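Below: the structure, in C-alpha cells.
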Amino acid sequence: MLTYTKTPDSNVAEIVVDGKITDEEMNAMMTAMKADLDKGGKIKLLEDIRAFEGMEPAAFFKDPRFGFSMMKSVSHVALVTDAPWLKALAETFNFVSPTQIKVFERARIDEARTWLAAAV
C-alpha cells in the first residue's frame with residue numbers, strides 16, 4: 001500500500017508505505033504530489049515506511065525525472081522507519097541531496113512531525 005495525503009492549508013505532506021507498492025498506487029501518488037508541487041512553494045514530506053515488500057515492476061520503472069524534480073520542491077524529509085537499510089540509504093543520500101533529510105524510528109513519528117512543523 002502507498003498513500004499520499006496533504007491538507008490544503010498545510011505545507012506538510014505524508015506518504016505511507018505498508019507492504020508492496022502497486023503501479024496504480026504509484027500513479028495516484030505521483031499525480032497528487034505533482035498537483036501540490038505545481039501550486040508553487042516548497043513542501044515538507046513525512047515518509048512513514050511501516051513495511052516495504054517491494055514494488056510492481058511498472059511502479060519501479062516510473063519516470064526517474066519525477067523524483068529529481070520533486071526533490072527540488074521539497075525542503076525537508078522526515079523518514080520514519082525501523083529498517084536499517086533504509087536508514088543507511090537516507091543518511092547517504094542526505095550528503096548529495098538539496099533536501100534536508102532526517103531519519104526517525106517508527107516509535108518517534110510524533111517527533112518527526114514536530115521537526116517538520118518547526119523546520120524553516
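Chain identifiers are assigned as A, B, and so on, following the order in which chains appear in the C-alpha cells; residues are numbered from 1 within each chain, and ligands are numbered from 1 in order of appearance.
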
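Every protein, DNA or RNA residue with an atom at most 10 Å from Arg50 of chain A, where only C-alpha atoms count and chain neighbours fewer than 4 positions away do not, is listed here: Met1, Val16, Val17, Asp18, Gly19, Val80, Thr81, Asp82, Ala83 and Arg106 of chain A.
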
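Nearest to Asp110 of chain A of all the residues A:Ala58, A:Leu79, A:Ala32, A:Ile21 is A:Leu79, based on only C-alpha atoms.
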
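Checking A:Lys42, A:Pro98, A:Glu25, A:Glu105 one by one against Met55 of chain A, counting only C-alpha atoms, you find the shortest gap at A:Glu25.
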
- Select from chain A everything DSSP, run on the backbone, classes as strand (DSSP E), then give the selection as JSON, numbers by chain. {"A": [2, 3, 4, 5, 6, 12, 13, 14, 15, 16, 17, 18, 19, 20, 21, 43, 44, 45, 46, 47, 48, 49, 50, 51, 52, 53, 54, 55, 74, 75, 76, 77, 78, 79, 80, 100, 101, 102, 103, 104]}

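We find atom CA of Trp115 of chain A and atom CA of His76 of chain A to be spaced 9.4 Å apart.
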
- Just how far from atom CA of Ile109 of chain A is atom CA of Phe52 of chain A, in Å to one decimal? 17.0 Å

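Between Ala59 of chain A and the residues A:Val103, A:Ile43, A:Ile15, A:Ala28, the shortest atom-to-atom distance, using only C-alpha atoms, involves A:Ala28.
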
- Quick one: pull the distance between atom CA of Glu47 of chain A and atom CA of Val77 of chain A, Å, one decimal.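 Atom-to-atom, atom CA of Glu47 of chain A to atom CA of Val77 of chain A, that is 7.2 Å.
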
- Item | Nearest residue to Trp85 of chain A from the set A:Lys34, A:Ile49, A:Ser10, A:Phe66 (distances using only C-alpha atoms) |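 Result for the nearest residue to Trp85 of chain A: A:Ile49.
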
- Near Thr5 of chain A, within 9 Å and counting only C-alpha atoms, which residues show up once chain neighbours fewer than 2 positions away are dropped, as number ranges by chain? A: 3, 7, 12-16, 29, 32-33

- Minimum-distance residue to Lys72 of chain A, chosen among A:Leu2, A:Ala90, A:Leu37, A:Val120 (using only C-alpha atoms):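 Smallest distance to Lys72 of chain A is found for A:Leu37.
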
- Message: Calculated over only C-alpha atoms, which of the candidates A:Lys39, A:Lys102, A:Lys62, A:Lys87 has the smallest distance to Glu24 of chain A?
- Response: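 Using only C-alpha atoms, Glu24 of chain A sits closest to A:Lys62.
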
- Could you write out, as a PyMOL selection string, all the residues of chain A that DSSP marks as alpha helix (DSSP H)? chain A and resi 23-37+57-60+64-72+84-93+109-118

I'd like the neighbourhood of Gly41 of chain A as a tab-separated table (two decimals) with N, CA, C and O atoms, in the first residue's frame, where a residue qualifies if any of its atoms comes within 10 Å (using only C-alpha atoms), though same-chain residues fewer than 6 positions away should be ignored.
chain	number	residue	atom	x	y	z
A	11	ASN	N	1.80	22.95	4.44
A	11	ASN	CA	2.90	22.67	3.50
A	11	ASN	C	3.58	21.34	3.83
A	11	ASN	O	4.67	21.08	3.38
A	73	SER	N	11.56	20.67	-5.01
A	73	SER	CA	10.44	21.38	-4.40
A	73	SER	C	10.12	20.91	-2.99
A	73	SER	O	9.14	21.34	-2.41
A	74	VAL	N	10.95	20.02	-2.46
A	74	VAL	CA	10.76	19.52	-1.09
A	74	VAL	C	11.93	20.04	-0.25
A	74	VAL	O	13.08	19.76	-0.56
A	75	SER	N	11.62	20.79	0.79
A	75	SER	CA	12.69	21.37	1.61
A	75	SER	C	13.20	20.43	2.68
A	75	SER	O	14.39	20.43	3.01
